[in-house]
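Structure below is model_3.cif: mmCIF, C-alpha atoms and all ligand atoms.
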data_start
loop_
_atom_site.group_PDB
_atom_site.id
_atom_site.type_symbol
_atom_site.label_atom_id
_atom_site.label_comp_id
_atom_site.auth_asym_id
_atom_site.auth_seq_id
_atom_site.Cartn_x
_atom_site.Cartn_y
_atom_site.Cartn_z
ATOM 1 C CA MET A 155 -29.773 3.707 17.739
ATOM 2 C CA ALA A 156 -27.269 5.734 15.720
ATOM 3 C CA LEU A 157 -27.774 5.666 11.953
ATOM 4 C CA GLU A 158 -25.267 3.333 10.311
ATOM 5 C CA LYS A 159 -22.606 5.162 8.275
ATOM 6 C CA THR A 160 -21.490 3.849 4.921
ATOM 7 C CA LEU A 161 -17.794 3.443 4.142
ATOM 8 C CA ALA A 162 -16.836 2.368 0.632
ATOM 9 C CA ILE A 163 -14.082 1.485 -1.794
ATOM 10 C CA PHE A 164 -14.262 2.811 -5.371
ATOM 11 C CA GLY A 165 -12.202 1.065 -8.069
ATOM 12 C CA TYR A 166 -12.452 -0.389 -11.571
ATOM 13 C CA PRO A 167 -12.292 -3.253 -12.089
ATOM 14 C CA LEU A 168 -12.511 -4.234 -8.436
ATOM 15 C CA GLY A 169 -12.230 -7.978 -8.785
ATOM 16 C CA HIS A 170 -11.388 -9.424 -5.425
ATOM 17 C CA THR A 171 -10.927 -6.959 -2.571
ATOM 18 C CA MET A 172 -10.381 -7.777 1.094
ATOM 19 C CA SER A 173 -11.249 -4.235 2.213
ATOM 20 C CA PRO A 174 -14.900 -5.027 3.128
ATOM 21 C CA THR A 175 -13.774 -8.057 5.186
ATOM 22 C CA MET A 176 -11.227 -5.934 7.035
ATOM 23 C CA HIS A 177 -13.339 -2.868 7.788
ATOM 24 C CA ASN A 178 -16.558 -4.728 8.597
ATOM 25 C CA ALA A 179 -14.592 -6.925 11.023
ATOM 26 C CA ALA A 180 -13.209 -3.760 12.671
ATOM 27 C CA ALA A 181 -16.722 -2.249 12.989
ATOM 28 C CA GLU A 182 -17.996 -5.470 14.553
ATOM 29 C CA ALA A 183 -15.036 -5.843 16.921
ATOM 30 C CA LEU A 184 -15.348 -2.252 18.140
ATOM 31 C CA GLY A 185 -19.185 -2.217 18.138
ATOM 32 C CA LEU A 186 -19.263 0.863 15.889
ATOM 33 C CA PRO A 187 -22.111 1.658 13.440
ATOM 34 C CA TYR A 188 -20.187 1.490 10.146
ATOM 35 C CA HIS A 189 -20.804 -0.690 7.121
ATOM 36 C CA PHE A 190 -18.223 -1.032 4.353
ATOM 37 C CA LEU A 191 -19.246 -1.696 0.735
ATOM 38 C CA ALA A 192 -17.299 -2.165 -2.522
ATOM 39 C CA TYR A 193 -18.392 -0.271 -5.640
ATOM 40 C CA GLU A 194 -17.075 -0.756 -9.173
ATOM 41 C CA VAL A 195 -17.069 2.801 -10.489
ATOM 42 C CA ARG A 196 -16.108 3.358 -14.122
ATOM 43 C CA PRO A 197 -13.568 6.140 -14.728
ATOM 44 C CA GLU A 198 -16.172 8.324 -16.470
ATOM 45 C CA ASN A 199 -18.374 8.158 -13.351
ATOM 46 C CA ILE A 200 -15.811 8.793 -10.618
ATOM 47 C CA GLU A 201 -16.654 12.459 -10.105
ATOM 48 C CA ALA A 202 -20.403 11.731 -9.874
ATOM 49 C CA ALA A 203 -19.751 8.844 -7.449
ATOM 50 C CA PHE A 204 -17.456 11.004 -5.324
ATOM 51 C CA ARG A 205 -19.958 13.898 -5.135
ATOM 52 C CA GLY A 206 -22.801 11.421 -4.513
ATOM 53 C CA SER A 207 -20.998 9.791 -1.593
ATOM 54 C CA LEU A 208 -20.474 13.232 -0.047
ATOM 55 C CA ALA A 209 -24.148 14.143 -0.623
ATOM 56 C CA MET A 210 -25.291 10.870 0.967
ATOM 57 C CA GLY A 211 -23.203 11.413 4.080
ATOM 58 C CA PHE A 212 -20.766 8.514 3.644
ATOM 59 C CA GLY A 213 -18.315 8.109 6.503
ATOM 60 C CA GLY A 214 -15.286 7.974 4.186
ATOM 61 C CA LEU A 215 -13.813 6.354 1.092
ATOM 62 C CA CYS A 216 -11.002 4.060 0.011
ATOM 63 C CA ILE A 217 -9.817 4.784 -3.510
ATOM 64 C CA THR A 218 -8.039 2.250 -5.679
ATOM 65 C CA ILE A 219 -6.904 1.719 -9.273
ATOM 66 C CA PRO A 220 -7.557 3.614 -11.554
ATOM 67 C CA HIS A 221 -8.981 6.518 -9.520
ATOM 68 C CA LYS A 222 -6.089 7.583 -7.241
ATOM 69 C CA LEU A 223 -5.052 10.491 -9.474
ATOM 70 C CA ALA A 224 -8.582 11.644 -10.407
ATOM 71 C CA ILE A 225 -9.618 11.912 -6.747
ATOM 72 C CA HIS A 226 -6.388 13.775 -5.976
ATOM 73 C CA ASP A 227 -7.723 16.520 -8.278
ATOM 74 C CA LEU A 228 -11.287 16.493 -6.839
ATOM 75 C CA VAL A 229 -10.760 16.854 -3.081
ATOM 76 C CA ASP A 230 -10.697 20.234 -1.285
ATOM 77 C CA GLU A 231 -7.513 19.506 0.660
ATOM 78 C CA LEU A 232 -4.598 17.068 0.639
ATOM 79 C CA SER A 233 -2.611 15.523 3.482
ATOM 80 C CA GLU A 234 1.157 15.948 3.259
ATOM 81 C CA ASP A 235 1.691 12.358 2.044
ATOM 82 C CA ALA A 236 -1.051 12.646 -0.607
ATOM 83 C CA ARG A 237 0.480 15.904 -1.822
ATOM 84 C CA ILE A 238 4.027 14.511 -2.028
ATOM 85 C CA MET A 239 2.905 11.189 -3.534
ATOM 86 C CA GLY A 240 0.504 12.884 -5.969
ATOM 87 C CA ALA A 241 -2.121 10.192 -5.327
ATOM 88 C CA VAL A 242 -5.043 9.640 -2.935
ATOM 89 C CA ASN A 243 -6.129 6.265 -1.519
ATOM 90 C CA VAL A 244 -8.344 7.516 1.340
ATOM 91 C CA VAL A 245 -10.906 10.336 1.554
ATOM 92 C CA THR A 246 -12.366 11.885 4.698
ATOM 93 C CA PHE A 247 -15.444 14.113 4.835
ATOM 94 C CA ASP A 248 -15.791 16.624 7.664
ATOM 95 C CA SER A 249 -19.116 17.766 9.138
ATOM 96 C CA GLY A 250 -19.015 20.965 7.056
ATOM 97 C CA GLY A 251 -18.703 18.958 3.829
ATOM 98 C CA LYS A 252 -14.998 19.594 3.290
ATOM 99 C CA THR A 253 -13.210 16.688 1.584
ATOM 100 C CA THR A 254 -9.605 15.720 2.302
ATOM 101 C CA GLY A 255 -7.482 13.271 0.327
ATOM 102 C CA HIS A 256 -4.914 11.153 2.183
ATOM 103 C CA ASN A 257 -2.397 8.501 1.228
ATOM 104 C CA THR A 258 -1.926 5.671 3.749
ATOM 105 C CA ASP A 259 0.064 3.309 1.474
ATOM 106 C CA GLY A 260 3.445 4.530 2.675
ATOM 107 C CA ILE A 261 2.655 4.718 6.397
ATOM 108 C CA GLY A 262 0.936 1.317 6.170
ATOM 109 C CA TRP A 263 4.120 -0.225 4.777
ATOM 110 C CA LEU A 264 6.314 1.465 7.399
ATOM 111 C CA ARG A 265 4.086 0.346 10.297
ATOM 112 C CA SER A 266 3.999 -3.242 9.037
ATOM 113 C CA LEU A 267 7.813 -3.256 8.925
ATOM 114 C CA GLU A 268 8.071 -1.870 12.458
ATOM 115 C CA GLU A 269 5.283 -4.101 13.828
ATOM 116 C CA GLU A 270 6.683 -7.341 12.393
ATOM 117 C CA THR A 271 10.448 -6.810 12.636
ATOM 118 C CA GLY A 272 10.960 -4.058 15.229
ATOM 119 C CA GLU A 273 13.212 -2.336 12.670
ATOM 120 C CA THR A 274 13.076 1.048 10.934
ATOM 121 C CA PRO A 275 14.697 2.012 7.613
ATOM 122 C CA ARG A 276 17.026 4.567 9.283
ATOM 123 C CA ASP A 277 20.602 4.211 7.944
ATOM 124 C CA LYS A 278 19.652 1.051 6.031
ATOM 125 C CA ARG A 279 20.381 0.311 2.388
ATOM 126 C CA CYS A 280 17.040 -0.351 0.717
ATOM 127 C CA MET A 281 15.976 -1.716 -2.650
ATOM 128 C CA ILE A 282 12.515 -1.280 -4.153
ATOM 129 C CA ILE A 283 11.506 -3.462 -7.093
ATOM 130 C CA GLY A 284 8.867 -1.781 -9.275
ATOM 131 C CA ALA A 285 8.237 1.899 -9.946
ATOM 132 C CA GLY A 286 4.441 2.358 -9.789
ATOM 133 C CA GLY A 287 2.256 3.952 -7.128
ATOM 134 C CA ALA A 288 3.136 1.493 -4.355
ATOM 135 C CA ALA A 289 6.859 1.941 -5.069
ATOM 136 C CA ARG A 290 6.498 5.707 -4.875
ATOM 137 C CA ALA A 291 4.694 5.496 -1.513
ATOM 138 C CA VAL A 292 7.416 3.240 -0.035
ATOM 139 C CA ALA A 293 10.231 5.364 -1.504
ATOM 140 C CA VAL A 294 8.799 8.507 0.117
ATOM 141 C CA LYS A 295 8.641 6.798 3.527
ATOM 142 C CA LEU A 296 12.160 5.368 3.171
ATOM 143 C CA ALA A 297 13.502 8.824 2.342
ATOM 144 C CA GLN A 298 11.573 10.472 5.203
ATOM 145 C CA SER A 299 12.825 7.762 7.587
ATOM 146 C CA GLY A 300 16.478 8.438 6.785
ATOM 147 C CA ALA A 301 17.366 5.358 4.724
ATOM 148 C CA ALA A 302 21.068 5.346 3.806
ATOM 149 C CA HIS A 303 20.349 4.593 0.133
ATOM 150 C CA ILE A 304 17.232 3.859 -1.946
ATOM 151 C CA GLU A 305 17.809 1.754 -5.046
ATOM 152 C CA ILE A 306 14.792 1.541 -7.382
ATOM 153 C CA ARG A 307 14.806 -1.246 -9.969
ATOM 154 C CA ASN A 308 12.071 -1.723 -12.554
ATOM 155 C CA ARG A 309 11.330 -3.677 -15.734
ATOM 156 C CA THR A 310 11.070 -0.289 -17.477
ATOM 157 C CA ALA A 311 14.343 1.305 -16.317
ATOM 158 C CA GLU A 312 13.298 4.849 -17.293
ATOM 159 C CA LYS A 313 10.427 4.729 -14.809
ATOM 160 C CA ALA A 314 12.840 3.707 -12.025
ATOM 161 C CA ASP A 315 15.205 6.565 -12.973
ATOM 162 C CA ALA A 316 12.303 9.037 -12.986
ATOM 163 C CA LEU A 317 11.095 7.870 -9.557
ATOM 164 C CA ALA A 318 14.633 8.100 -8.125
ATOM 165 C CA ARG A 319 14.939 11.718 -9.364
ATOM 166 C CA PHE A 320 11.446 12.512 -8.082
ATOM 167 C CA ILE A 321 12.368 11.355 -4.558
ATOM 168 C CA GLU A 322 15.598 13.383 -4.507
ATOM 169 C CA GLU A 323 13.671 16.488 -5.597
ATOM 170 C CA LYS A 324 10.817 16.053 -3.108
ATOM 171 C CA ILE A 325 12.813 14.972 -0.059
ATOM 172 C CA PRO A 326 16.061 16.886 0.314
ATOM 173 C CA GLY A 327 18.933 14.713 1.480
ATOM 174 C CA ALA A 328 17.512 11.484 0.033
ATOM 175 C CA ARG A 329 20.101 9.327 -1.729
ATOM 176 C CA THR A 330 18.615 7.297 -4.587
ATOM 177 C CA ALA A 331 19.486 5.507 -7.805
ATOM 178 C CA GLY A 332 17.338 3.912 -10.502
ATOM 179 C CA GLY A 333 17.884 1.109 -12.981
ATOM 180 C CA GLY A 334 16.533 -1.919 -14.824
ATOM 181 C CA LEU A 335 16.320 -5.564 -13.783
ATOM 182 C CA GLY A 336 19.327 -6.809 -15.821
ATOM 183 C CA ASP A 337 21.877 -7.048 -13.002
ATOM 184 C CA ILE A 338 19.405 -7.057 -10.113
ATOM 185 C CA ALA A 339 20.703 -10.395 -8.718
ATOM 186 C CA SER A 340 24.235 -9.095 -8.178
ATOM 187 C CA ALA A 341 23.039 -5.648 -7.083
ATOM 188 C CA ALA A 342 20.776 -7.130 -4.369
ATOM 189 C CA ALA A 343 23.755 -8.489 -2.402
ATOM 190 C CA ASP A 344 24.283 -5.035 -0.914
ATOM 191 C CA TYR A 345 20.800 -4.450 0.505
ATOM 192 C CA GLU A 346 19.288 -4.795 3.983
ATOM 193 C CA ILE A 347 15.643 -4.164 3.087
ATOM 194 C CA ILE A 348 14.179 -5.399 -0.211
ATOM 195 C CA VAL A 349 10.597 -4.467 -1.134
ATOM 196 C CA ASN A 350 8.607 -6.030 -3.970
ATOM 197 C CA THR A 351 5.939 -3.711 -5.339
ATOM 198 C CA THR A 352 5.401 -5.516 -8.654
ATOM 199 C CA SER A 353 2.583 -7.984 -9.306
ATOM 200 C CA GLN A 354 5.062 -10.886 -9.634
ATOM 201 C CA GLY A 355 3.836 -13.735 -7.395
ATOM 202 C CA MET A 356 0.177 -12.685 -7.414
ATOM 203 C CA LYS A 357 -2.558 -15.318 -7.623
ATOM 204 C CA GLY A 358 -4.742 -15.476 -10.721
ATOM 205 C CA ASP A 359 -2.313 -16.478 -13.454
ATOM 206 C CA PRO A 360 -0.197 -19.596 -12.640
ATOM 207 C CA ALA A 361 2.920 -18.282 -14.436
ATOM 208 C CA ARG A 362 2.688 -14.979 -12.568
ATOM 209 C CA GLU A 363 2.059 -16.737 -9.237
ATOM 210 C CA ALA A 364 5.179 -18.889 -9.710
ATOM 211 C CA ALA A 365 7.299 -15.862 -10.614
ATOM 212 C CA THR A 366 9.542 -13.874 -8.279
ATOM 213 C CA PRO A 367 11.068 -10.436 -8.776
ATOM 214 C CA LEU A 368 14.323 -11.750 -7.248
ATOM 215 C CA ASP A 369 15.621 -15.333 -7.228
ATOM 216 C CA ALA A 370 16.214 -16.895 -3.809
ATOM 217 C CA GLU A 371 19.980 -17.241 -4.411
ATOM 218 C CA ALA A 372 20.229 -13.467 -4.826
ATOM 219 C CA ILE A 373 18.611 -12.665 -1.470
ATOM 220 C CA PRO A 374 21.162 -11.721 1.216
ATOM 221 C CA GLU A 375 20.892 -13.881 4.337
ATOM 222 C CA GLY A 376 20.417 -11.028 6.810
ATOM 223 C CA ALA A 377 17.964 -9.029 4.710
ATOM 224 C CA ILE A 378 14.356 -8.116 5.451
ATOM 225 C CA CYS A 379 12.109 -8.867 2.472
ATOM 226 C CA THR A 380 8.626 -7.369 2.206
ATOM 227 C CA ASP A 381 5.982 -7.980 -0.441
ATOM 228 C CA ALA A 382 3.071 -5.865 -1.643
ATOM 229 C CA VAL A 383 1.373 -9.034 -2.897
ATOM 230 C CA TYR A 384 -0.857 -10.531 -0.179
ATOM 231 C CA ASN A 385 -2.602 -13.310 -2.074
ATOM 232 C CA PRO A 386 -0.996 -15.786 -1.707
ATOM 233 C CA VAL A 387 0.386 -14.745 1.678
ATOM 234 C CA ASP A 388 3.546 -16.784 1.122
ATOM 235 C CA THR A 389 4.665 -15.584 -2.300
ATOM 236 C CA THR A 390 7.473 -17.209 -4.286
ATOM 237 C CA PHE A 391 9.649 -14.208 -3.315
ATOM 238 C CA LEU A 392 8.947 -14.574 0.425
ATOM 239 C CA LYS A 393 9.387 -18.365 0.314
ATOM 240 C CA GLY A 394 12.760 -17.792 -1.328
ATOM 241 C CA ALA A 395 13.669 -15.228 1.330
ATOM 242 C CA LYS A 396 12.769 -17.652 4.134
ATOM 243 C CA SER A 397 14.819 -20.417 2.504
ATOM 244 C CA ARG A 398 17.813 -18.038 2.738
ATOM 245 C CA GLY A 399 17.182 -17.241 6.401
ATOM 246 C CA ALA A 400 16.029 -13.695 5.624
ATOM 247 C CA ARG A 401 13.234 -12.108 7.645
ATOM 248 C CA THR A 402 9.938 -11.544 5.815
ATOM 249 C CA VAL A 403 6.960 -9.190 6.099
ATOM 250 C CA SER A 404 3.923 -10.370 4.173
ATOM 251 C CA GLY A 405 1.635 -8.129 2.140
ATOM 252 C CA VAL A 406 -1.143 -8.821 4.657
ATOM 253 C CA GLY A 407 0.606 -6.700 7.287
ATOM 254 C CA TRP A 408 0.976 -3.859 4.785
ATOM 255 C CA PHE A 409 -2.655 -4.176 3.647
ATOM 256 C CA VAL A 410 -3.991 -4.207 7.228
ATOM 257 C CA ASN A 411 -1.860 -1.262 8.326
ATOM 258 C CA GLN A 412 -2.821 0.954 5.373
ATOM 259 C CA GLY A 413 -6.436 0.075 6.237
ATOM 260 C CA ALA A 414 -5.897 0.757 9.942
ATOM 261 C CA ALA A 415 -4.559 4.224 9.134
ATOM 262 C CA ALA A 416 -7.674 4.869 7.000
ATOM 263 C CA TRP A 417 -9.950 3.520 9.726
ATOM 264 C CA GLU A 418 -8.427 5.876 12.269
ATOM 265 C CA LEU A 419 -8.892 8.856 9.936
ATOM 266 C CA TRP A 420 -12.588 7.997 9.400
ATOM 267 C CA THR A 421 -13.608 6.956 12.915
ATOM 268 C CA GLY A 422 -10.991 8.387 15.283
ATOM 269 C CA THR A 423 -10.565 4.898 16.768
ATOM 270 C CA LYS A 424 -7.697 2.386 16.588
ATOM 271 C CA MET A 425 -8.289 -0.723 14.537
ATOM 272 C CA PRO A 426 -7.394 -3.875 16.530
ATOM 273 C CA THR A 427 -4.778 -4.910 13.970
ATOM 274 C CA ASP A 428 -3.838 -8.298 15.503
ATOM 275 C CA LEU A 429 -7.431 -9.483 15.392
ATOM 276 C CA ILE A 430 -8.067 -8.036 11.938
ATOM 277 C CA ARG A 431 -4.873 -9.547 10.515
ATOM 278 C CA ASN A 432 -6.103 -12.961 11.643
ATOM 279 C CA ARG A 433 -9.506 -12.355 10.047
ATOM 280 C CA VAL A 434 -7.818 -11.457 6.756
ATOM 281 C CA PHE A 435 -5.590 -14.560 7.007
ATOM 282 C CA GLU A 436 -8.729 -16.691 7.562
ATOM 283 C CA ALA A 437 -10.495 -15.095 4.606
ATOM 284 C CA LEU A 438 -7.440 -15.790 2.438
ATOM 285 C CA GLY A 439 -7.523 -19.416 3.567
ATOM 286 C CA ALA A 440 -4.094 -19.073 5.153
ATOM 287 C CA ALA A 441 -4.995 -19.166 8.857
HETATM 288 P P1 LIG B 501 0.975 -0.113 -8.185
HETATM 289 O O1 LIG B 501 0.215 1.166 -8.155
HETATM 290 O O2 LIG B 501 0.345 -1.217 -7.385
HETATM 291 O O3 LIG B 501 2.422 0.078 -7.829
HETATM 292 P P2 LIG B 501 1.449 -0.116 -11.044
HETATM 293 O O4 LIG B 501 1.550 1.357 -11.021
HETATM 294 O O5 LIG B 501 0.631 -0.736 -12.127
HETATM 295 O O6 LIG B 501 0.880 -0.683 -9.683
HETATM 296 O O7 LIG B 501 2.939 -0.713 -11.072
HETATM 297 C C1 LIG B 501 3.164 -2.041 -11.329
HETATM 298 C C2 LIG B 501 4.671 -2.313 -11.272
HETATM 299 O O8 LIG B 501 4.879 -3.694 -11.466
HETATM 300 C C3 LIG B 501 5.450 -1.597 -12.368
HETATM 301 O O9 LIG B 501 6.683 -1.208 -11.817
HETATM 302 C C4 LIG B 501 5.628 -2.686 -13.422
HETATM 303 O O10 LIG B 501 6.755 -2.527 -14.245
HETATM 304 P P3 LIG B 501 6.694 -1.586 -15.592
HETATM 305 O O11 LIG B 501 6.823 -0.184 -15.105
HETATM 306 O O12 LIG B 501 7.856 -2.020 -16.399
HETATM 307 O O13 LIG B 501 5.378 -1.869 -16.240
HETATM 308 C C5 LIG B 501 5.810 -3.896 -12.549
HETATM 309 N N1 LIG B 501 5.494 -5.156 -13.237
HETATM 310 C C6 LIG B 501 4.281 -5.583 -13.650
HETATM 311 N N2 LIG B 501 4.383 -6.797 -14.250
HETATM 312 C C7 LIG B 501 5.715 -7.136 -14.212
HETATM 313 C C8 LIG B 501 6.470 -8.259 -14.665
HETATM 314 N N3 LIG B 501 5.882 -9.299 -15.300
HETATM 315 N N4 LIG B 501 7.805 -8.262 -14.447
HETATM 316 C C9 LIG B 501 8.401 -7.230 -13.817
HETATM 317 N N5 LIG B 501 7.748 -6.142 -13.375
HETATM 318 C C10 LIG B 501 6.420 -6.088 -13.568
#
Mind converting the file's structure to structure tokens?
Ligand code: ATR
Amino acid sequence: MALEKTLAIFGYPLGHTMSPTMHNAAAEALGLPYHFLAYEVRPENIEAAFRGSLAMGFGGLCITIPHKLAIHDLVDELSEDARIMGAVNVVTFDSGGKTTGHNTDGIGWLRSLEEETGETPRDKRCMIIGAGGAARAVAVKLAQSGAAHIEIRNRTAEKADALARFIEEKIPGARTAGGGLGDIASAAADYEIIVNTTSQGMKGDPAREAATPLDAEAIPEGAICTDAVYNPVDTTFLKGAKSRGARTVSGVGWFVNQGAAAWELWTGTKMPTDLIRNRVFEALGAA
């Protein structure tokens, strides 16, 4: 029997991660000899952990907060998305020991949009709320997909402005603007795709879970609203969107598709995303 290969996620703190559930379910469904483990790796140990995983013949890595920039500087090569986004969330090891850093956050978001709505961002007016790593990944994909306009709004307006300029510099032809949250309700009226990348709505703290980055009344009826938050599946933002008749894409679809892209890079096989999405829903108690 083939020796089982270890796949792992490195983060700190890791808290609750659904990555082992997702990837172990994929290994089981496909009958492939992989086992996925979660490791809390302190920032001061990330280089040792990275080199150790290579030395021990791991099948690949997922990288999460706060290591996405450190790993970007440690790998031998970068995929185009990892280079543009300046951050790595997936590592592959080839048989000669070469390490490559990838970023599947953006493509995962784009595939979840296409899978669940049949739409693409081409010629659409898009708003991103938040200006961190997830926002950057989505903004890059929107620009590459030919969005008509990318509006980035963030609590700290300067970060939104900086991300908007970054996208225009990196992707020629992109049309962006940045700003704060002050007039977000009136600004939102103009948008066809609205993406939350902030932690508003996330389980853990009741006030945060009840919060939404955009009040229901401000959500345009025909919009598509997508959320990075996947626990709970039905966030306050997405509930508000549904109450307005807008279409919604939950964070589970995004999470599964960024994982599916990683899985394909590691194993060369397609993750059965419908089945895995249901397994993640079950594990979240939302089946
Ligand atoms: P990620 O890599 O997942 O995008 P991040 O880089 O920590 O995470 O970004 C978190 C985003 O959520 C930021 O845009 C943050 O806004 P600031 O730049 O002003 O910090 C946003 N965010 C976090 N808590 C928020 C809150 N209570 N209200 C509004 N925005 C919030």
Surrounding residues of Ala364 (chain A) excluding itself and chain neighbours under 2 positions, 6 Å, all atoms listed in the file, as a PyMOL selection string: chain A and resi 355+361-362
Rounded to one decimal in Å, what is the spacing between CA of Glu322 (chain A) and CA of Arg276 (chain A)?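 If I compute the distance from CA of Glu322 (chain A) to CA of Arg276 (chain A), I get 16.4 Å.
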Determine, using only C-alpha atoms and all ligand atoms, which residues of chain A have any atom at most 6 Å from an atom of ligand LIG 501 (chain B), and tabulate each with its shortest atom pair and distance in Å to one decimal place, rows ordered by chain and then rising number, as CSV.
residue,atom,partner,partner_atom,distance
A:Gly284,CA,B:LIG501,O9,3.4
A:Ala285,CA,B:LIG501,O9,3.9
A:Gly286,CA,B:LIG501,O4,3.3
A:Gly287,CA,B:LIG501,O1,3.6
A:Ala288,CA,B:LIG501,O3,3.8
A:Ala289,CA,B:LIG501,O3,5.5
A:Asn308,CA,B:LIG501,O9,5.5
A:Arg309,CA,B:LIG501,O12,3.9
A:Thr310,CA,B:LIG501,O12,3.8
A:Thr351,CA,B:LIG501,O3,5.7
A:Thr352,CA,B:LIG501,O8,3.4
A:Ser353,CA,B:LIG501,C6,5.2
A:Gln354,CA,B:LIG501,C8,5.8
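With all atoms listed in the file as the atoms that count, the residue of A:Thr171, A:Thr274, A:Thr366, A:Thr246 with the shortest distance to Trp417 (chain A) is A:Thr246.
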Give me, as JSON lines, each residue of region 265-373 of chain A that comes within 9 Å of region 388-400 of chain A, together with its shortest interatomic pair and the distance in Å at one decimal, counting all atoms listed in the file, with rows ordered by chain and rising residue number.
{"residue": "A:Asn350", "atom": "CA", "partner": "A:Phe391", "partner_atom": "CA", "distance": 8.3}
{"residue": "A:Gln354", "atom": "CA", "partner": "A:Phe391", "partner_atom": "CA", "distance": 8.5}
{"residue": "A:Gly355", "atom": "CA", "partner": "A:Thr389", "partner_atom": "CA", "distance": 5.5}
{"residue": "A:Met356", "atom": "CA", "partner": "A:Thr389", "partner_atom": "CA", "distance": 7.4}
{"residue": "A:Lys357", "atom": "CA", "partner": "A:Thr389", "partner_atom": "CA", "distance": 9.0}
{"residue": "A:Glu363", "atom": "CA", "partner": "A:Thr390", "partner_atom": "CA", "distance": 7.4}
{"residue": "A:Ala364", "atom": "CA", "partner": "A:Thr390", "partner_atom": "CA", "distance": 6.1}
{"residue": "A:Ala365", "atom": "CA", "partner": "A:Thr390", "partner_atom": "CA", "distance": 6.5}
{"residue": "A:Thr366", "atom": "CA", "partner": "A:Phe391", "partner_atom": "CA", "distance": 5.0}
{"residue": "A:Pro367", "atom": "CA", "partner": "A:Phe391", "partner_atom": "CA", "distance": 6.8}
{"residue": "A:Leu368", "atom": "CA", "partner": "A:Phe391", "partner_atom": "CA", "distance": 6.6}
{"residue": "A:Asp369", "atom": "CA", "partner": "A:Gly394", "partner_atom": "CA", "distance": 7.0}
{"residue": "A:Ala370", "atom": "CA", "partner": "A:Gly394", "partner_atom": "CA", "distance": 4.3}
{"residue": "A:Glu371", "atom": "CA", "partner": "A:Arg398", "partner_atom": "CA", "distance": 7.5}
{"residue": "A:Ile373", "atom": "CA", "partner": "A:Ala395", "partner_atom": "CA", "distance": 6.2}
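Near Asp230 (chain A), within 8 Å and counting all atoms listed in the file, sit Lys252, Thr253, Thr254 and Gly255 of chain A, not including residues fewer than 4 positions from it in the same chain.
If only C-alpha atoms are the atoms counted, then among A:Ala377, A:Ile304, A:Ala203, A:Met239 the closest residue to Ile347 (chain A) is A:Ala377.
Using all atoms listed in the file, the smallest distance between any of A:Gly300, A:Gly413, A:Gly405, A:Gly262 and Leu215 (chain A) comes from A:Gly413.
Neighbours of Phe320 (chain A) closer than or equal to 10 Å, with only C-alpha atoms counted and sequence neighbours fewer than 2 positions away skipped, come out as Ile238, Met239, Arg290, Ala293, Val294, Ala314, Asp315, Ala316, Leu317, Ala318, Glu322, Glu323, Lys324, Ile325 and Thr330 of chain A.
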Edge lengths and centre in Å, axis-aligned, region 174-185 of chain A plus 3 Å each side, as lines of an AutoDock Vina configuration file:
center_x = -15.2
center_y = -5.1
center_z = 10.6
size_x = 14.0
size_y = 11.8
size_z = 21.0
Do you know which residues the PyMOL selection byres (((chain A and resi 222) around 9) and not hetatm) returns on this file, as a list in words?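 Going through the file, the PyMOL selection byres (((chain A and resi 222) around 9) and not hetatm) ends up selecting Gly165, Ile217, Thr218, Ile219, Pro220, His221, Leu223, Ala224, Ile225, His226, Gly240, Ala241, Val242, Asn243 and Val244 of chain A.
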Between A:Ile430, A:Thr271, A:Ala341, A:Arg279, which one has atoms that come closest to Ser404 (chain A), using only C-alpha atoms?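 The shortest atom-to-atom distance to Ser404 (chain A) comes from A:Thr271.
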With the file shown as input, list the residues that the PyMOL selection byres (((chain A and resi 259) around 7) and not hetatm) selects, as a list in words.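 The output of the PyMOL selection byres (((chain A and resi 259) around 7) and not hetatm) on this file is Asn257, Thr258, Gly260, Ile261, Gly262, Trp263, Ala288, Ala291 and Gln412 of chain A.
The interatomic distance for the pair CA of Val434 (chain A) and CA of Pro174 (chain A) works out to 10.2 Å.
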For Asn178 (chain A), which of A:Lys159, A:Lys278, A:Val406, A:Val195 is the closest residue, counting only C-alpha atoms? A:Lys159
